[in-house]
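Okay, model24.cif now, which holds mmCIF, C-alpha atoms:
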```cif
data_work
loop_
_atom_site.label_atom_id
_atom_site.label_comp_id
_atom_site.auth_asym_id
_atom_site.auth_seq_id
_atom_site.Cartn_x
_atom_site.Cartn_y
_atom_site.Cartn_z
CA MET I 116 22.87 29.58 0.79
CA ILE I 117 23.65 29.58 4.52
CA LYS I 118 20.54 31.69 5.10
CA TYR I 119 18.51 29.19 3.09
CA VAL I 120 19.87 26.22 5.05
CA ARG I 121 19.33 28.02 8.35
CA SER I 122 15.71 28.85 7.56
CA HIS I 123 15.16 25.20 6.66
CA VAL I 124 16.73 23.92 9.85
CA GLU I 125 14.58 26.26 11.90
CA GLN I 126 11.40 25.14 10.15
CA THR I 127 11.84 21.46 10.95
CA SER I 128 10.55 21.18 14.47
CA LEU I 129 10.09 17.39 14.52
CA ARG I 130 12.58 14.61 13.98
CA VAL I 131 10.93 11.31 13.12
CA GLN I 132 12.70 8.01 12.58
CA ILE I 133 10.77 5.33 10.67
CA TRP I 134 11.74 1.73 11.35
CA GLY I 135 10.79 -0.31 8.30
CA LYS I 136 10.29 -3.81 9.69
CA ALA I 137 7.63 -4.89 7.16
CA ALA I 138 7.68 -4.68 3.37
CA ILE I 139 4.90 -2.06 3.35
CA GLY I 140 7.53 0.29 4.80
CA LEU I 141 9.06 0.40 1.31
CA TYR I 142 5.69 1.39 -0.17
CA LEU I 143 5.46 4.17 2.41
CA TRP I 144 9.00 5.42 1.82
CA GLN I 145 9.69 4.85 -1.87
CA HIS I 146 6.22 5.09 -3.42
CA ILE I 147 4.29 7.49 -1.18
CA PHE I 148 7.18 9.64 0.07
CA GLY I 149 9.20 9.31 -3.13
CA GLY I 150 12.21 8.74 -0.87
CA HIS I 151 15.53 7.13 -1.80
CA LEU I 152 17.51 4.43 -0.01
CA GLU I 153 21.24 3.84 0.23
CA PRO I 154 22.61 1.43 -0.81
CA GLY I 155 20.36 0.83 -3.81
CA ASP I 156 20.78 -2.95 -3.58
CA VAL I 157 17.48 -4.43 -2.37
CA THR I 158 19.25 -7.34 -0.68
CA ALA I 159 21.48 -5.09 1.46
CA GLN I 160 21.46 -5.82 5.20
CA TRP I 161 21.01 -2.16 6.12
CA ARG I 162 19.40 0.62 4.04
CA GLU I 163 18.58 4.17 5.00
CA GLY I 164 17.26 7.44 3.62
CA SER I 165 16.02 10.82 4.81
CA GLN I 166 13.97 13.80 3.70
CA ASN I 167 12.41 17.01 4.98
CA ALA I 168 8.65 17.19 4.71
CA GLY I 169 6.47 19.87 6.23
CA LYS I 170 7.87 20.74 9.65
CA THR I 171 9.43 17.31 9.95
CA TYR I 172 12.80 15.73 9.21
CA PHE I 173 12.18 12.05 8.41
CA SER I 174 14.80 9.33 8.44
CA PHE I 175 14.02 5.78 7.36
CA LEU I 176 15.85 2.57 8.31
CA THR I 177 15.23 -0.90 6.93
CA GLY I 178 16.94 -4.26 6.36
CA PRO I 179 17.65 -7.42 8.39
CA SER I 180 20.44 -5.68 10.35
CA VAL I 181 18.01 -3.21 11.90
CA VAL I 182 17.56 -5.04 15.22
CA PRO I 183 16.20 -3.66 18.53
CA GLY I 184 19.01 -2.13 20.57
CA TYR I 185 21.62 -2.37 17.80
CA PHE I 186 21.20 0.99 16.07
CA SER I 187 21.18 4.58 17.24
CA VAL I 188 17.78 6.17 17.73
CA GLU I 189 18.35 9.67 16.42
CA ALA I 190 14.90 11.19 16.82
CA GLU I 191 12.42 12.06 19.55
CA HIS I 192 9.61 10.36 17.68
CA VAL I 193 9.43 6.97 15.96
CA VAL I 194 7.13 5.26 13.50
CA LEU I 195 7.26 1.46 13.59
CA VAL I 196 6.26 -0.28 10.35
CA LEU I 197 5.18 -3.77 11.40
CA ASN I 198 3.65 -6.94 9.96
CA GLY I 199 0.67 -8.28 11.90
CA ARG I 200 -0.62 -10.71 9.32
CA GLU I 201 -0.10 -13.99 11.20
CA PRO I 202 0.96 -15.18 14.70
CA ALA I 203 4.69 -15.55 13.91
CA LYS I 204 4.81 -12.01 12.49
CA VAL I 205 2.83 -10.68 15.46
CA ALA I 206 5.38 -12.21 17.87
CA TYR I 207 8.17 -10.40 16.02
CA ALA I 208 6.19 -7.12 15.89
CA THR I 209 5.58 -7.37 19.65
CA GLN I 210 9.35 -7.44 20.32
CA TRP I 211 9.66 -4.14 18.45
CA LEU I 212 6.78 -2.61 20.40
CA HIS I 213 8.42 -3.61 23.69
CA PHE I 214 11.68 -2.04 22.52
CA ALA I 215 9.85 1.22 21.73
CA GLN I 216 8.06 1.09 25.07
CA THR I 217 11.39 0.82 26.89
CA LEU I 218 12.73 3.81 24.97
CA LEU I 219 9.64 5.81 25.95
CA GLU I 220 9.86 4.80 29.61
CA THR I 221 13.52 5.82 29.73
CA ARG I 222 12.69 9.13 27.98
CA LYS I 223 14.87 8.29 24.98
CA ILE I 224 11.91 9.05 22.71
CA GLN I 225 8.68 11.01 23.24
CA HIS I 226 6.12 9.48 20.89
CA ALA I 227 5.44 6.36 18.85
CA ALA I 228 3.13 5.63 15.92
CA VAL I 229 2.59 2.33 14.09
CA VAL I 230 1.97 1.54 10.41
CA LEU I 231 0.60 -1.99 10.42
CA LEU I 232 0.18 -4.55 7.68
CA GLY I 233 -3.04 -5.81 9.23
CA ASN I 234 -4.47 -9.28 9.25
CA GLU I 235 -6.44 -10.03 6.05
CA ARG I 236 -9.54 -10.83 8.12
CA CYS I 237 -8.94 -7.77 10.32
CA ASN I 238 -8.15 -9.84 13.42
CA ASN I 239 -5.96 -7.11 14.90
CA ALA I 240 -7.10 -7.37 18.52
CA TRP I 241 -3.49 -7.98 19.68
CA ILE I 242 -2.47 -4.37 18.90
CA GLN I 243 -5.34 -2.76 20.84
CA PRO I 244 -3.71 -2.87 24.33
CA TYR I 245 -0.69 -0.96 22.95
CA LEU I 246 -2.79 2.03 21.88
CA LYS I 247 -2.69 5.10 24.09
CA ARG I 248 -6.49 5.22 24.23
CA ASN I 249 -6.37 1.78 25.91
CA GLY I 250 -3.64 2.64 28.40
CA GLY I 251 -0.73 1.85 26.08
CA PHE I 252 1.83 4.17 24.47
CA VAL I 253 1.09 4.17 20.70
CA ASN I 254 -0.35 7.55 19.73
CA LEU I 255 -1.41 6.68 16.19
CA LEU I 256 -2.18 3.53 14.22
CA PHE I 257 -2.29 3.39 10.41
CA VAL I 258 -3.61 -0.03 9.41
CA THR I 259 -4.32 -1.83 6.12
CA TYR I 260 -7.74 -3.19 5.11
CA ASP I 261 -11.19 -2.05 6.26
CA TYR I 262 -10.60 -2.27 10.00
CA ALA I 263 -13.86 -1.48 11.79
CA PHE I 264 -11.98 0.48 14.50
CA VAL I 265 -10.84 3.20 12.06
CA ASN I 266 -12.00 6.49 13.61
CA GLU I 267 -9.88 9.18 11.89
CA GLU I 268 -8.71 10.31 15.33
CA ASP I 269 -5.96 7.88 16.27
CA ILE I 270 -6.74 4.92 13.97
CA PHE I 271 -6.54 5.44 10.20
CA GLN I 272 -6.83 3.20 7.16
CA TRP I 273 -3.61 2.76 5.18
CA PRO I 274 -3.31 1.48 1.59
CA LEU I 275 -1.91 -1.99 0.98
CA GLY I 276 0.14 -0.67 -1.95
CA VAL I 277 2.25 -2.74 -4.35
CA ALA I 278 4.06 -5.98 -3.52
CA THR I 279 7.36 -4.46 -2.47
CA TYR I 280 8.34 -7.85 -1.00
CA ARG I 281 8.52 -8.99 -4.64
CA ASN I 282 10.50 -5.85 -5.46
CA PHE I 283 7.72 -4.28 -7.51
CA PRO I 284 9.35 -1.03 -8.69
CA VAL I 285 8.37 2.63 -8.57
CA VAL I 286 7.10 3.05 -12.14
CA GLU I 287 7.55 6.39 -13.91
CA PRO I 288 4.78 6.89 -16.49
CA SER I 289 6.19 7.14 -20.03
CA TRP I 290 4.81 8.54 -23.27
CA SER I 291 4.33 5.05 -24.71
CA MET I 292 2.57 3.84 -21.56
CA LEU I 293 -0.03 6.53 -22.13
CA HIS I 294 -0.33 6.56 -25.91
CA ASP I 295 0.45 3.12 -27.34
CA PRO I 296 -2.37 0.75 -28.28
CA ARG I 297 -2.36 -2.27 -25.94
CA SER I 298 -2.54 -5.83 -27.28
CA TYR I 299 -5.01 -7.17 -24.70
CA LEU I 300 -8.38 -6.01 -23.41
CA CYS I 301 -7.65 -7.41 -19.95
CA ASN I 302 -5.33 -9.57 -17.88
CA PHE I 303 -5.45 -11.92 -14.92
CA LEU I 304 -2.25 -13.59 -13.78
CA GLY I 305 -2.72 -15.31 -10.47
CA THR I 306 -3.77 -18.25 -8.39
CA VAL I 307 -7.18 -19.82 -8.95
CA TYR I 308 -8.43 -21.27 -5.67
CA LYS I 309 -10.92 -24.14 -5.71
CA ASN I 310 -14.58 -23.06 -5.40
CA SER I 311 -13.67 -19.37 -5.47
CA SER I 312 -15.04 -16.53 -7.58
CA ARG I 313 -11.77 -16.80 -9.49
CA GLU I 314 -12.96 -20.13 -10.92
CA THR I 315 -16.18 -18.42 -12.02
CA LEU I 316 -14.12 -15.65 -13.63
CA ILE I 317 -12.02 -18.10 -15.67
CA GLU I 318 -15.16 -20.03 -16.73
CA ILE I 319 -16.89 -16.85 -17.92
CA LEU I 320 -13.83 -15.79 -19.91
CA LYS I 321 -13.62 -19.22 -21.57
CA GLN I 322 -17.34 -19.45 -22.33
CA ASP I 323 -17.45 -16.41 -24.55
CA GLY I 324 -13.99 -16.92 -26.03
CA LEU I 325 -12.95 -13.78 -24.19
CA ASP I 326 -9.82 -15.50 -22.95
CA LYS I 327 -8.48 -15.01 -26.51
CA LEU I 328 -8.68 -11.23 -26.05
CA CYS I 329 -7.16 -11.21 -22.57
CA TRP I 330 -3.82 -12.29 -21.12
CA ILE I 331 -4.82 -15.04 -18.71
CA ALA I 332 -2.29 -17.12 -16.80
CA ALA I 333 -3.95 -19.06 -14.01
CA ARG I 334 -2.06 -21.29 -11.59
CA GLU I 335 -3.33 -23.51 -8.82
CA GLN I 336 -0.75 -22.73 -6.20
CA TRP I 337 0.27 -19.41 -4.66
CA GLN I 338 3.96 -18.57 -5.04
CA PRO I 339 5.39 -15.99 -2.65
CA GLN I 340 8.55 -15.52 -4.69
CA GLU I 341 8.39 -14.85 -8.40
CA THR I 342 11.04 -16.02 -10.79
CA ASN I 343 12.49 -13.12 -12.75
CA ALA I 344 10.79 -14.42 -15.89
CA SER I 345 7.33 -14.71 -14.31
CA PHE I 346 7.65 -11.27 -12.74
CA LYS I 347 8.68 -9.69 -16.05
CA ASN I 348 5.74 -11.51 -17.60
CA TYR I 349 3.38 -10.01 -15.03
CA GLN I 350 4.65 -6.45 -15.58
CA ASP I 351 4.30 -6.90 -19.35
CA ALA I 352 0.73 -8.10 -18.86
CA LEU I 353 -0.12 -4.92 -16.90
CA LEU I 354 1.55 -2.76 -19.53
CA GLN I 355 -0.11 -4.56 -22.45
CA SER I 356 -3.71 -4.64 -21.09
CA ASP I 357 -6.35 -1.93 -20.92
CA LEU I 358 -7.98 -3.56 -17.89
CA THR I 359 -6.62 -5.60 -14.97
CA LEU I 360 -9.10 -8.03 -13.38
CA CYS I 361 -8.97 -7.99 -9.57
CA PRO I 362 -10.97 -10.88 -8.07
CA VAL I 363 -11.16 -11.11 -4.28
CA GLY I 364 -8.70 -13.27 -2.38
CA ILE I 365 -8.74 -13.63 1.41
CA ASN I 366 -9.43 -9.87 1.30
CA THR I 367 -10.96 -7.69 -1.41
CA GLU I 368 -7.92 -5.40 -1.43
CA CYS I 369 -4.88 -6.79 -3.22
CA TYR I 370 -1.51 -5.58 -4.43
CA ARG I 371 -2.72 -6.04 -8.01
CA ILE I 372 -4.97 -2.96 -7.73
CA TYR I 373 -2.04 -0.62 -7.04
CA GLU I 374 0.28 -2.41 -9.47
CA ALA I 375 -2.25 -1.97 -12.27
CA CYS I 376 -2.52 1.76 -11.44
CA SER I 377 1.27 2.02 -11.72
CA TYR I 378 1.06 0.91 -15.37
CA GLY I 379 -2.13 2.73 -16.33
CA SER I 380 -4.19 -0.45 -16.58
CA LEU I 381 -7.67 0.15 -15.13
CA PRO I 382 -8.58 -2.17 -12.23
CA VAL I 383 -11.87 -4.05 -12.54
CA ILE I 384 -12.67 -4.86 -8.95
CA GLU I 385 -14.91 -7.53 -7.49
CA ASP I 386 -16.60 -5.30 -4.94
CA VAL I 387 -17.71 -7.84 -2.33
CA MET I 388 -16.91 -8.25 1.35
CA THR I 389 -14.79 -11.25 2.30
CA PRO I 390 -15.34 -13.41 5.44
CA GLY I 391 -13.85 -12.16 8.71
CA ASP I 392 -14.05 -9.05 10.85
CA CYS I 393 -13.38 -6.37 8.23
CA GLY I 394 -16.21 -3.99 7.45
CA ASN I 395 -17.67 -0.54 7.91
CA SER I 396 -16.26 1.73 10.59
CA SER I 397 -18.08 4.53 12.36
CA MET I 398 -16.54 6.92 9.80
CA TYR I 399 -17.13 5.09 6.52
CA HIS I 400 -19.98 2.98 5.21
CA SER I 401 -18.68 1.88 1.84
CA ALA I 402 -16.65 -1.24 2.77
CA PRO I 403 -14.87 -2.95 1.17
CA LEU I 404 -12.11 -0.61 -0.06
CA GLN I 405 -13.43 2.38 1.86
CA LEU I 406 -10.19 4.32 1.51
CA LEU I 407 -10.00 3.96 -2.27
CA LYS I 408 -13.70 4.76 -2.70
CA THR I 409 -13.51 7.79 -0.41
CA MET I 410 -10.59 9.02 -2.49
CA GLY I 411 -12.69 8.73 -5.67
CA ALA I 412 -10.73 5.92 -7.35
CA PRO I 413 -11.82 5.84 -11.02
CA PHE I 414 -12.03 2.03 -11.14
CA ILE I 415 -14.72 -0.28 -12.48
CA PHE I 416 -16.49 -1.92 -9.50
CA ILE I 417 -18.61 -5.01 -10.14
CA LYS I 418 -20.57 -7.31 -7.85
CA ASN I 419 -20.34 -10.41 -10.03
CA TRP I 420 -18.03 -11.57 -12.83
CA LYS I 421 -21.12 -12.17 -14.99
CA GLU I 422 -20.98 -8.42 -15.59
CA LEU I 423 -17.60 -8.82 -17.32
CA PRO I 424 -18.69 -9.78 -20.88
CA ALA I 425 -20.71 -6.55 -21.20
CA ILE I 426 -17.73 -4.53 -19.91
CA LEU I 427 -15.41 -6.17 -22.44
CA GLU I 428 -17.92 -5.56 -25.26
CA LYS I 429 -17.83 -1.88 -24.37
CA GLU I 430 -14.01 -1.99 -24.34
CA LYS I 431 -13.93 -3.34 -27.90
CA LYS I 432 -15.83 -0.28 -29.10
CA MET I 433 -13.65 2.28 -27.29
CA SER I 434 -11.32 4.36 -29.46
CA LEU I 435 -7.62 4.63 -28.65
CA GLN I 436 -8.20 8.33 -27.92
CA GLU I 437 -10.78 7.46 -25.25
CA LYS I 438 -8.43 4.89 -23.75
CA ILE I 439 -5.59 7.43 -23.64
CA GLN I 440 -7.84 9.86 -21.76
CA ARG I 441 -8.80 7.14 -19.32
CA ARG I 442 -5.16 6.16 -18.73
CA LYS I 443 -4.25 9.80 -18.11
CA LYS I 444 -7.07 10.10 -15.62
CA LEU I 445 -6.01 6.89 -13.82
CA LEU I 446 -2.31 7.80 -13.61
CA GLU I 447 -3.16 11.32 -12.47
CA TRP I 448 -5.53 9.99 -9.83
CA TYR I 449 -2.91 7.52 -8.54
CA ARG I 450 -0.26 10.25 -8.35
CA ASN I 451 -2.65 12.46 -6.39
CA PHE I 452 -3.69 9.56 -4.15
CA LYS I 453 -0.07 8.95 -3.09
CA ALA I 454 0.53 12.68 -2.57
CA TRP I 455 -2.63 12.91 -0.47
CA MET I 456 -1.65 9.91 1.67
CA ARG I 457 1.78 11.45 2.23
CA GLN I 458 0.29 14.78 3.26
CA LYS I 459 -2.27 13.14 5.51
CA PHE I 460 0.42 11.02 7.18
CA ILE I 461 2.68 14.05 7.81
CA ASN I 462 -0.18 16.25 9.07
CA THR I 463 -1.47 13.53 11.37
CA LEU I 464 1.98 12.96 12.91
CA GLU I 465 2.64 16.67 13.32
CA ASN I 466 -0.76 17.34 14.89
CA SER I 467 -0.35 14.46 17.30
CA PHE I 468 3.35 14.73 18.16
CA LEU I 469 3.55 18.51 18.37
CA HIS I 470 0.35 18.99 20.31
CA SER I 471 0.20 16.06 22.69
CA ASP I 472 1.76 16.00 26.14
CA LYS I 473 5.41 15.16 26.26
CA GLY I 474 6.23 11.76 27.68
#
```
Mind turning this structure into structure tokens?
Amino acid sequence: MIKYVRSHVEQTSLRVQIWGKAAIGLYLWQHIFGGHLEPGDVTAQWREGSQNAGKTYFSFLTGPSVVPGYFSVEAEHVVLVLNGREPAKVAYATQWLHFAQTLLETRKIQHAAVVLLGNERCNNAWIQPYLKRNGGFVNLLFVTYDYAFVNEEDIFQWPLGVATYRNFPVVEPSWSMLHDPRSYLCNFLGTVYKNSSRETLIEILKQDGLDKLCWIAAREQWQPQETNASFKNYQDALLQSDLTLCPVGINTECYRIYEACSYGSLPVIEDVMTPGDCGNSSMYHSAPLQLLKTMGAPFIFIKNWKELPAILEKEKKMSLQEKIQRRKKLLEWYRNFKAWMRQKFINTLENSFLHSDKG
């Protein structure tokens, strides 16, 4: 046993501390890394976990008590998980970047990377000066949405994941999730904005009486916090529907896509670009959702909700056996997707941190 432990200690040549200061940190740690947190209570002020992966020992810290300067930095390398969605969040993220910069300047740490919940219109210009390539100190940036600056060298696309800020759980696929017939062909539970494609979607469902076959709960106002009842309702809808309709919001990518995958409900995605600065990068030309498409996501992509009635007609004719096969394929793909993201993240950090100049 001592030999085994020793060999493991020798193999880990990097110590990386992840500071989870945005909810997507929980998607990274619990969903992609399959990591645990102590204490288990989601409202705890301070939560931490650790695991060995590849050549690296990762520790993860999160919670309101994790404040710059008030915890011990026990690694030579740090990953900051930050929220850059709006000005107030950017101001808070900037404080963390300045803290990391001070640690670097005083040689307390050697390298920094950032996982960023990007702006939904890809207005992320504020982070650019902090990147090493622009004279800053951040070696690597993993950012959500189709940011045009993704180059697969030091800027990478990162998945939005599930709504961990609403405590969406890590779902373990069960036998019944795969094999049971589901009561609804499709579901859409969400906000219907005026003059949006979501209005068109609801109209189309009502026209053909398709709303009788689907679980539709439309509301006019966005609610950041679910009640327990409405959240349970939403999870039941995913579990009880063969398809989950994913209309665009401010961005094409939404939490619903990943949440549907968790329950084996196939996403039907409105594959259109939204206004703003998101789009193709020099590496990928399939925006929106370049990451998911590149990874071969087995979703249904449509350009217009008028295509939906034909899709639902086809669904009616599908046998349970065919649906089971499709669910298996979806759950397997999602499992592989998370494993691939984890491996890519680890490899990218190791290649950068182990091979770049110290300091």
Test item: residues at most 8 Å from range 188-204 of chain I, only C-alpha atoms, excluding those fewer than 6 positions along its chain, as a tab-separated table (two decimals) with C-alpha atoms, keeping the file's coordinate frame:
```tsv
chain	number	residue	atom	x	y	z
I	129	LEU	CA	10.09	17.39	14.52
I	130	ARG	CA	12.58	14.61	13.98
I	131	VAL	CA	10.93	11.31	13.12
I	132	GLN	CA	12.70	8.01	12.58
I	133	ILE	CA	10.77	5.33	10.67
I	134	TRP	CA	11.74	1.73	11.35
I	135	GLY	CA	10.79	-0.31	8.30
I	136	LYS	CA	10.29	-3.81	9.69
I	137	ALA	CA	7.63	-4.89	7.16
I	139	ILE	CA	4.90	-2.06	3.35
I	140	GLY	CA	7.53	0.29	4.80
I	211	TRP	CA	9.66	-4.14	18.45
I	212	LEU	CA	6.78	-2.61	20.40
I	223	LYS	CA	14.87	8.29	24.98
I	224	ILE	CA	11.91	9.05	22.71
I	225	GLN	CA	8.68	11.01	23.24
I	226	HIS	CA	6.12	9.48	20.89
I	227	ALA	CA	5.44	6.36	18.85
I	228	ALA	CA	3.13	5.63	15.92
I	229	VAL	CA	2.59	2.33	14.09
I	230	VAL	CA	1.97	1.54	10.41
I	231	LEU	CA	0.60	-1.99	10.42
I	232	LEU	CA	0.18	-4.55	7.68
I	233	GLY	CA	-3.04	-5.81	9.23
I	234	ASN	CA	-4.47	-9.28	9.25
I	235	GLU	CA	-6.44	-10.03	6.05
I	239	ASN	CA	-5.96	-7.11	14.90
I	468	PHE	CA	3.35	14.73	18.16
```
Worksheet item: By how many Å are CA of Ile147 in chain I and CA of Lys453 in chain I apart?
Response: 5.0 Å
Worksheet item: Written as a VMD selection string, what is the full residue list that the PyMOL selection byres ((chain I and resi 182) around 10) yields on the file shown?
Response: chain I and resid 134 136 177 to 181 183 to 186 210 to 211 214
Selection to disk with C-alpha atoms, as an mmCIF file, keeping the file's coordinate frame:
```
data_model
loop_
_atom_site.group_PDB
_atom_site.id
_atom_site.type_symbol
_atom_site.label_atom_id
_atom_site.label_comp_id
_atom_site.auth_asym_id
_atom_site.auth_seq_id
_atom_site.Cartn_x
_atom_site.Cartn_y
_atom_site.Cartn_z
ATOM 1 C CA TRP I 134 11.740 1.730 11.350
ATOM 2 C CA LYS I 136 10.290 -3.810 9.690
ATOM 3 C CA THR I 177 15.230 -0.900 6.930
ATOM 4 C CA GLY I 178 16.940 -4.260 6.360
ATOM 5 C CA PRO I 179 17.650 -7.420 8.390
ATOM 6 C CA SER I 180 20.440 -5.680 10.350
ATOM 7 C CA VAL I 181 18.010 -3.210 11.900
ATOM 8 C CA PRO I 183 16.200 -3.660 18.530
ATOM 9 C CA GLY I 184 19.010 -2.130 20.570
ATOM 10 C CA TYR I 185 21.620 -2.370 17.800
ATOM 11 C CA PHE I 186 21.200 0.990 16.070
ATOM 12 C CA GLN I 210 9.350 -7.440 20.320
ATOM 13 C CA TRP I 211 9.660 -4.140 18.450
ATOM 14 C CA PHE I 214 11.680 -2.040 22.520
#
```
Proximity check range 268-299 of chain I to range 156-159 of chain I, 12 Å, nearest pairs one decimal Å, only C-alpha atoms, as JSON lines:
```
{"residue": "I:Thr279", "atom": "CA", "partner": "I:Val157", "partner_atom": "CA", "distance": 10.1}
{"residue": "I:Tyr280", "atom": "CA", "partner": "I:Val157", "partner_atom": "CA", "distance": 9.9}
{"residue": "I:Arg281", "atom": "CA", "partner": "I:Val157", "partner_atom": "CA", "distance": 10.3}
{"residue": "I:Asn282", "atom": "CA", "partner": "I:Val157", "partner_atom": "CA", "distance": 7.8}
{"residue": "I:Phe283", "atom": "CA", "partner": "I:Val157", "partner_atom": "CA", "distance": 11.0}
{"residue": "I:Pro284", "atom": "CA", "partner": "I:Val157", "partner_atom": "CA", "distance": 10.8}
```
Worksheet item: Which distance in Å separates CA of Gly324 in chain I and CA of Ile365 in chain I, to one decimal?
Response: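 Computing it gives 28.1 Å between the two atoms.
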Per-residue nearest contacts range 222-335 of chain I to range 385-407 of chain I, cut-off 8 Å, using only C-alpha atoms, as JSON lines:
```
{"residue": "I:Arg236", "atom": "CA", "partner": "I:Gly391", "partner_atom": "CA", "distance": 4.5}
{"residue": "I:Cys237", "atom": "CA", "partner": "I:Cys393", "partner_atom": "CA", "distance": 5.1}
{"residue": "I:Asn238", "atom": "CA", "partner": "I:Asp392", "partner_atom": "CA", "distance": 6.5}
{"residue": "I:Tyr260", "atom": "CA", "partner": "I:Cys393", "partner_atom": "CA", "distance": 7.2}
{"residue": "I:Asp261", "atom": "CA", "partner": "I:Cys393", "partner_atom": "CA", "distance": 5.2}
{"residue": "I:Tyr262", "atom": "CA", "partner": "I:Cys393", "partner_atom": "CA", "distance": 5.3}
{"residue": "I:Ala263", "atom": "CA", "partner": "I:Ser396", "partner_atom": "CA", "distance": 4.2}
{"residue": "I:Phe264", "atom": "CA", "partner": "I:Ser396", "partner_atom": "CA", "distance": 5.9}
{"residue": "I:Val265", "atom": "CA", "partner": "I:Ser396", "partner_atom": "CA", "distance": 5.8}
{"residue": "I:Asn266", "atom": "CA", "partner": "I:Met398", "partner_atom": "CA", "distance": 5.9}
{"residue": "I:Glu267", "atom": "CA", "partner": "I:Met398", "partner_atom": "CA", "distance": 7.3}
{"residue": "I:Gln272", "atom": "CA", "partner": "I:Leu406", "partner_atom": "CA", "distance": 6.7}
{"residue": "I:Trp273", "atom": "CA", "partner": "I:Leu406", "partner_atom": "CA", "distance": 7.7}
{"residue": "I:Pro274", "atom": "CA", "partner": "I:Leu406", "partner_atom": "CA", "distance": 7.4}
```
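Each of I:Thr259, I:Thr315, I:Asn310, I:Gln216 was checked against Asn419 in chain I using all atoms listed in the file; the smallest atom-to-atom distance is that of I:Thr315.
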Discussion item. Just want the 12 Å neighbourhood of Ser434 in chain I, counted on only C-alpha atoms, with same-chain residues fewer than 6 positions away dropped. Output as a list of chain:residue names.
Written reply: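 Contacts, in chain order: I:His294, I:Pro296, I:Arg297, I:Asp357, I:Gln440, I:Arg441.
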Item to complete: I need the residue set behind the PyMOL selection byres ((chain I and resi 245) around 12) for this file; please write it as a list in words.
Response: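 Applied to this file, the PyMOL selection byres ((chain I and resi 245) around 12) returns Ala208, Thr209, Trp211, Leu212, His213, Ala215, Gln216, Ala227, Ala228, Val229, Asn239, Ala240, Trp241, Ile242, Gln243, Pro244, Leu246, Lys247, Arg248, Asn249, Gly250, Gly251, Phe252, Val253, Asn254, Leu255 and Leu256 of chain I.
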